[in-house]
Amino acid sequence: MRFAAKHAEAIFVVFPNTTVCRAYCDRIRELAAEYGRDPRHLKILTAIAPVVGTTDAEARRKHQEMLEYASPEGAFALFGGCTGIDLSKYGPGDGIEEVQSEGMQFLAQYFSSVDSTRERTMREIAEFLSIASVIPVPVGDYRRIADEFERWIVEGGVNGFNFFSIDSPVDYTTFVDLVVPELQRRGLLRKEYEASTLREHYFGKGPPRLANDHPGAAYSVYRIAPPLFNVARPRHRVEQAFILTMARVDYGELVGPKRTGRRSAYHAPFRPSPRSPFE
């Protein structure tokens, strides 16, 4: 968590409910402030896999159909590949609390946060994971799904979402046609892009580079170019020449040997050409 608070610009998370999510979001923003960063310079996006219909009844029908095609064995395999926890060796009736291992205790805590009054068997866990693994799956018409997105923003404290499609590409089309207009009507989703870079899409139109309070900003080639080349010229001229000449090679590549041992043209001593803006 501390590494993310110090270095991340966007964090992808998965939580079972907004209560747990809010605690995480608040804590990581506190840590970011401790590292001297503006918490607004760190965006948190939670995974979500909505089942959308024009009506609640249609959404429930689609969800039930998905369950009929779901594979518990496949869900266990996917979950094990992501977490390293092998659930296939346990019986369908085994309770999760009965298995003593670090990985299983983590899983037990996760399901406890979903419903602390219920002890799940492996069969129930398989059914739970079979649609979208541990990602929340809200089911309903487009208004209900928009309500759920808004709830995660207000109650959970997230800045955005990592949309997970269960039935691809149908889910994307349905979401764009039904939910996106509703989110735009509520002012929760932009109607057009104001900039051209992903960073500006996250933080708003402005400089498309790292914020000044980010640790990596100290190593930006745009900041080290003037002292590196010892040229008494306006900063924008130095940046322009650096981009044209070095083709956006980072500082580490410029001054350090390549790990492959091959000598690159970028490692040669810098000599401005007669047409260079440096002269």
# chains A, B, ... in the order shown; residues from 1 in each chain; ligands from 1
$ residues_around --residues "range 28-37 of chain A" --least-positions-apart "2" --cutoff "7 Å" --atoms "only C-alpha atoms" --output "number ranges by chain"
A: 1-2, 5-6, 24-26, 39, 213-214
$ atom_distance --atom1 "CA of Gly187 in chain A" --atom2 "CA of Trp152 in chain A"
15.0 Å
$ select_by_dssp --residues "range 18-252 of chain A" --states "strand (DSSP E or B)" --output "VMD selection string"
chain A and resid 43 to 48 51 to 53 95 121 139 to 141 160 to 163
$ write_last_selection --atoms "N, CA and C atoms" --output "tab-separated table (two decimals), in the first residue's frame"
chain	number	residue	atom	x	y	z
A	43	LYS	N	-5.58	8.29	-8.52
A	43	LYS	CA	-6.94	7.85	-8.85
A	43	LYS	C	-7.10	6.37	-8.52
A	44	ILE	N	-8.24	6.03	-7.91
A	44	ILE	CA	-8.53	4.66	-7.51
A	44	ILE	C	-9.70	4.15	-8.33
A	45	LEU	N	-9.48	3.04	-9.02
A	45	LEU	CA	-10.50	2.47	-9.89
A	45	LEU	C	-10.82	1.04	-9.44
A	46	THR	N	-12.07	0.79	-9.16
A	46	THR	CA	-12.47	-0.53	-8.69
A	46	THR	C	-13.06	-1.36	-9.81
A	47	ALA	N	-12.86	-2.66	-9.75
A	47	ALA	CA	-13.41	-3.56	-10.75
A	47	ALA	C	-14.89	-3.78	-10.49
A	48	ILE	N	-15.66	-3.89	-11.58
A	48	ILE	CA	-17.09	-4.14	-11.46
A	48	ILE	C	-17.56	-4.83	-12.73
A	51	VAL	N	-24.47	-6.65	-14.82
A	51	VAL	CA	-25.37	-7.33	-15.75
A	51	VAL	C	-26.53	-6.37	-15.98
A	52	VAL	N	-26.62	-5.82	-17.17
A	52	VAL	CA	-27.55	-4.73	-17.46
A	52	VAL	C	-28.69	-5.21	-18.35
A	53	GLY	N	-29.88	-4.72	-18.06
A	53	GLY	CA	-31.04	-4.99	-18.91
A	53	GLY	C	-31.89	-3.74	-19.04
A	95	GLY	N	-16.11	-26.66	4.54
A	95	GLY	CA	-16.28	-25.25	4.91
A	95	GLY	C	-14.96	-24.51	4.80
A	121	THR	N	-19.60	-23.00	1.98
A	121	THR	CA	-18.92	-24.23	1.60
A	121	THR	C	-18.19	-24.00	0.28
A	139	VAL	N	-26.80	-6.50	-10.60
A	139	VAL	CA	-27.76	-6.94	-11.61
A	139	VAL	C	-28.97	-6.01	-11.57
A	140	GLY	N	-29.38	-5.49	-12.73
A	140	GLY	CA	-30.54	-4.62	-12.76
A	140	GLY	C	-30.66	-3.85	-14.05
A	141	ASP	N	-31.70	-3.02	-14.14
A	141	ASP	CA	-31.86	-2.18	-15.32
A	141	ASP	C	-30.82	-1.06	-15.29
A	160	GLY	N	-13.18	5.94	-10.22
A	160	GLY	CA	-13.62	5.38	-11.49
A	160	GLY	C	-13.71	3.87	-11.40
A	161	PHE	N	-13.87	3.24	-12.56
A	161	PHE	CA	-14.14	1.81	-12.59
A	161	PHE	C	-13.33	1.09	-13.66
A	162	ASN	N	-12.99	-0.15	-13.36
A	162	ASN	CA	-12.39	-1.06	-14.32
A	162	ASN	C	-13.50	-2.00	-14.75
A	163	PHE	N	-14.12	-1.71	-15.91
A	163	PHE	CA	-15.30	-2.44	-16.36
A	163	PHE	C	-14.90	-3.84	-16.81
$ closest_residue --among "A:Ile135, A:Leu42, A:Ala57, A:Ile153" --to "Val13 in chain A" --atoms "only C-alpha atoms"
A:Ile135
$ closest_residue --among "A:Phe79, A:His41, A:Met122, A:Ile85" --to "Ala8 in chain A" --atoms "only C-alpha atoms"
A:His41
$ closest_residue --among "A:Ala195, A:Ala218, A:Ile145, A:Leu210" --to "Glu182 in chain A" --atoms "only C-alpha atoms"
A:Ile145
$ closest_residue --among "A:Pro92, A:Pro207, A:Pro50, A:Pro181" --to "Pro72 in chain A" --atoms "only C-alpha atoms"
A:Pro92
$ closest_residue --among "A:Leu78, A:Val114, A:Arg190, A:Tyr142" --to "Asp177 in chain A" --atoms "only C-alpha atoms"
A:Tyr142
$ residues_around --residues "range 59-70 of chain A" --least-positions-apart "2" --cutoff "12 Å" --atoms "only C-alpha atoms" --output "PyMOL selection string"
chain A and resi 49-57+72-76+126-133+137-145+165-168+170-171+174-175
$ write_last_selection --atoms "N, CA and C atoms" --output "mmCIF file, in the first residue's frame"
data_model
loop_
_atom_site.group_PDB
_atom_site.id
_atom_site.type_symbol
_atom_site.label_atom_id
_atom_site.label_comp_id
_atom_site.auth_asym_id
_atom_site.auth_seq_id
_atom_site.Cartn_x
_atom_site.Cartn_y
_atom_site.Cartn_z
ATOM 1 N N ALA A 49 -18.511 -5.757 -12.586
ATOM 2 C CA ALA A 49 -18.995 -6.539 -13.730
ATOM 3 C C ALA A 49 -20.524 -6.508 -13.742
ATOM 4 N N PRO A 50 -21.119 -5.437 -14.212
ATOM 5 C CA PRO A 50 -22.579 -5.310 -14.156
ATOM 6 C C PRO A 50 -23.297 -6.170 -15.197
ATOM 7 N N VAL A 51 -24.466 -6.653 -14.822
ATOM 8 C CA VAL A 51 -25.366 -7.325 -15.751
ATOM 9 C C VAL A 51 -26.530 -6.373 -15.977
ATOM 10 N N VAL A 52 -26.617 -5.823 -17.173
ATOM 11 C CA VAL A 52 -27.549 -4.725 -17.456
ATOM 12 C C VAL A 52 -28.691 -5.206 -18.346
ATOM 13 N N GLY A 53 -29.875 -4.717 -18.061
ATOM 14 C CA GLY A 53 -31.038 -4.987 -18.908
ATOM 15 C C GLY A 53 -31.885 -3.738 -19.040
ATOM 16 N N THR A 54 -32.805 -3.739 -19.980
ATOM 17 C CA THR A 54 -33.724 -2.600 -20.101
ATOM 18 C C THR A 54 -34.690 -2.579 -18.921
ATOM 19 N N THR A 55 -34.904 -3.759 -18.317
ATOM 20 C CA THR A 55 -35.722 -3.871 -17.109
ATOM 21 C C THR A 55 -34.988 -4.771 -16.117
ATOM 22 N N ASP A 56 -35.399 -4.726 -14.864
ATOM 23 C CA ASP A 56 -34.800 -5.600 -13.855
ATOM 24 C C ASP A 56 -35.030 -7.066 -14.196
ATOM 25 N N ALA A 57 -36.232 -7.378 -14.718
ATOM 26 C CA ALA A 57 -36.552 -8.763 -15.059
ATOM 27 C C ALA A 57 -35.626 -9.279 -16.159
ATOM 28 N N PRO A 72 -17.846 -23.966 -12.484
ATOM 29 C CA PRO A 72 -17.167 -23.856 -11.183
ATOM 30 C C PRO A 72 -15.706 -24.286 -11.254
ATOM 31 N N GLU A 73 -15.430 -25.363 -12.027
ATOM 32 C CA GLU A 73 -14.048 -25.813 -12.167
ATOM 33 C C GLU A 73 -13.197 -24.740 -12.843
ATOM 34 N N GLY A 74 -13.758 -24.142 -13.879
ATOM 35 C CA GLY A 74 -13.045 -23.061 -14.559
ATOM 36 C C GLY A 74 -12.832 -21.863 -13.654
ATOM 37 N N ALA A 75 -13.838 -21.584 -12.793
ATOM 38 C CA ALA A 75 -13.710 -20.470 -11.853
ATOM 39 C C ALA A 75 -12.586 -20.727 -10.861
ATOM 40 N N PHE A 76 -12.498 -21.971 -10.380
ATOM 41 C CA PHE A 76 -11.418 -22.327 -9.459
ATOM 42 C C PHE A 76 -10.062 -22.197 -10.141
ATOM 43 N N ALA A 126 -17.660 -21.760 -5.215
ATOM 44 C CA ALA A 126 -17.534 -21.999 -6.647
ATOM 45 C C ALA A 126 -18.624 -21.260 -7.415
ATOM 46 N N GLU A 127 -19.842 -21.297 -6.896
ATOM 47 C CA GLU A 127 -20.943 -20.580 -7.544
ATOM 48 C C GLU A 127 -20.714 -19.074 -7.511
ATOM 49 N N PHE A 128 -20.183 -18.595 -6.388
ATOM 50 C CA PHE A 128 -19.924 -17.161 -6.254
ATOM 51 C C PHE A 128 -18.866 -16.706 -7.253
ATOM 52 N N LEU A 129 -17.817 -17.523 -7.428
ATOM 53 C CA LEU A 129 -16.694 -17.138 -8.291
ATOM 54 C C LEU A 129 -16.954 -17.388 -9.771
ATOM 55 N N SER A 130 -17.992 -18.148 -10.097
ATOM 56 C CA SER A 130 -18.150 -18.660 -11.452
ATOM 57 C C SER A 130 -18.514 -17.595 -12.486
ATOM 58 N N ILE A 131 -19.013 -16.458 -12.065
ATOM 59 C CA ILE A 131 -19.410 -15.416 -13.018
ATOM 60 C C ILE A 131 -18.268 -14.445 -13.289
ATOM 61 N N ALA A 132 -17.732 -13.848 -12.243
ATOM 62 C CA ALA A 132 -16.678 -12.837 -12.431
ATOM 63 C C ALA A 132 -15.640 -12.915 -11.322
ATOM 64 N N SER A 133 -15.397 -14.119 -10.827
ATOM 65 C CA SER A 133 -14.441 -14.315 -9.737
ATOM 66 C C SER A 133 -14.870 -13.471 -8.535
ATOM 67 N N VAL A 137 -20.862 -8.157 -8.881
ATOM 68 C CA VAL A 137 -21.721 -8.307 -10.061
ATOM 69 C C VAL A 137 -23.108 -7.728 -9.753
ATOM 70 N N PRO A 138 -23.296 -6.425 -9.908
ATOM 71 C CA PRO A 138 -24.640 -5.853 -9.726
ATOM 72 C C PRO A 138 -25.544 -6.245 -10.893
ATOM 73 N N VAL A 139 -26.801 -6.503 -10.598
ATOM 74 C CA VAL A 139 -27.760 -6.938 -11.609
ATOM 75 C C VAL A 139 -28.970 -6.007 -11.567
ATOM 76 N N GLY A 140 -29.375 -5.488 -12.727
ATOM 77 C CA GLY A 140 -30.543 -4.625 -12.761
ATOM 78 C C GLY A 140 -30.662 -3.852 -14.046
ATOM 79 N N ASP A 141 -31.701 -3.023 -14.141
ATOM 80 C CA ASP A 141 -31.859 -2.185 -15.319
ATOM 81 C C ASP A 141 -30.823 -1.062 -15.290
ATOM 82 N N TYR A 142 -30.773 -0.254 -16.340
ATOM 83 C CA TYR A 142 -29.712 0.745 -16.456
ATOM 84 C C TYR A 142 -29.749 1.776 -15.343
ATOM 85 N N ARG A 143 -30.943 2.091 -14.819
ATOM 86 C CA ARG A 143 -31.015 3.059 -13.719
ATOM 87 C C ARG A 143 -30.430 2.463 -12.440
ATOM 88 N N ARG A 144 -30.751 1.217 -12.186
ATOM 89 C CA ARG A 144 -30.237 0.553 -10.986
ATOM 90 C C ARG A 144 -28.707 0.409 -11.053
ATOM 91 N N ILE A 145 -28.204 0.101 -12.240
ATOM 92 C CA ILE A 145 -26.759 -0.025 -12.398
ATOM 93 C C ILE A 145 -26.086 1.334 -12.229
ATOM 94 N N SER A 165 -16.303 -7.280 -18.561
ATOM 95 C CA SER A 165 -17.385 -7.819 -19.373
ATOM 96 C C SER A 165 -17.518 -9.317 -19.152
ATOM 97 N N ILE A 166 -18.707 -9.763 -18.780
ATOM 98 C CA ILE A 166 -18.963 -11.195 -18.607
ATOM 99 C C ILE A 166 -19.307 -11.833 -19.948
ATOM 100 N N ASP A 167 -20.168 -11.178 -20.698
ATOM 101 C CA ASP A 167 -20.584 -11.671 -22.017
ATOM 102 C C ASP A 167 -20.086 -10.680 -23.063
ATOM 103 N N SER A 168 -18.865 -10.899 -23.519
ATOM 104 C CA SER A 168 -18.245 -9.957 -24.457
ATOM 105 C C SER A 168 -18.537 -10.366 -25.906
ATOM 106 N N VAL A 170 -21.186 -8.239 -26.026
ATOM 107 C CA VAL A 170 -22.547 -7.750 -25.803
ATOM 108 C C VAL A 170 -22.618 -6.803 -24.617
ATOM 109 N N ASP A 171 -21.918 -7.127 -23.532
ATOM 110 C CA ASP A 171 -21.973 -6.290 -22.331
ATOM 111 C C ASP A 171 -21.489 -4.876 -22.602
ATOM 112 N N THR A 174 -24.296 -3.015 -24.571
ATOM 113 C CA THR A 174 -25.439 -2.726 -23.701
ATOM 114 C C THR A 174 -25.112 -1.617 -22.717
ATOM 115 N N PHE A 175 -23.927 -1.671 -22.155
ATOM 116 C CA PHE A 175 -23.536 -0.649 -21.183
ATOM 117 C C PHE A 175 -23.455 0.728 -21.839
#
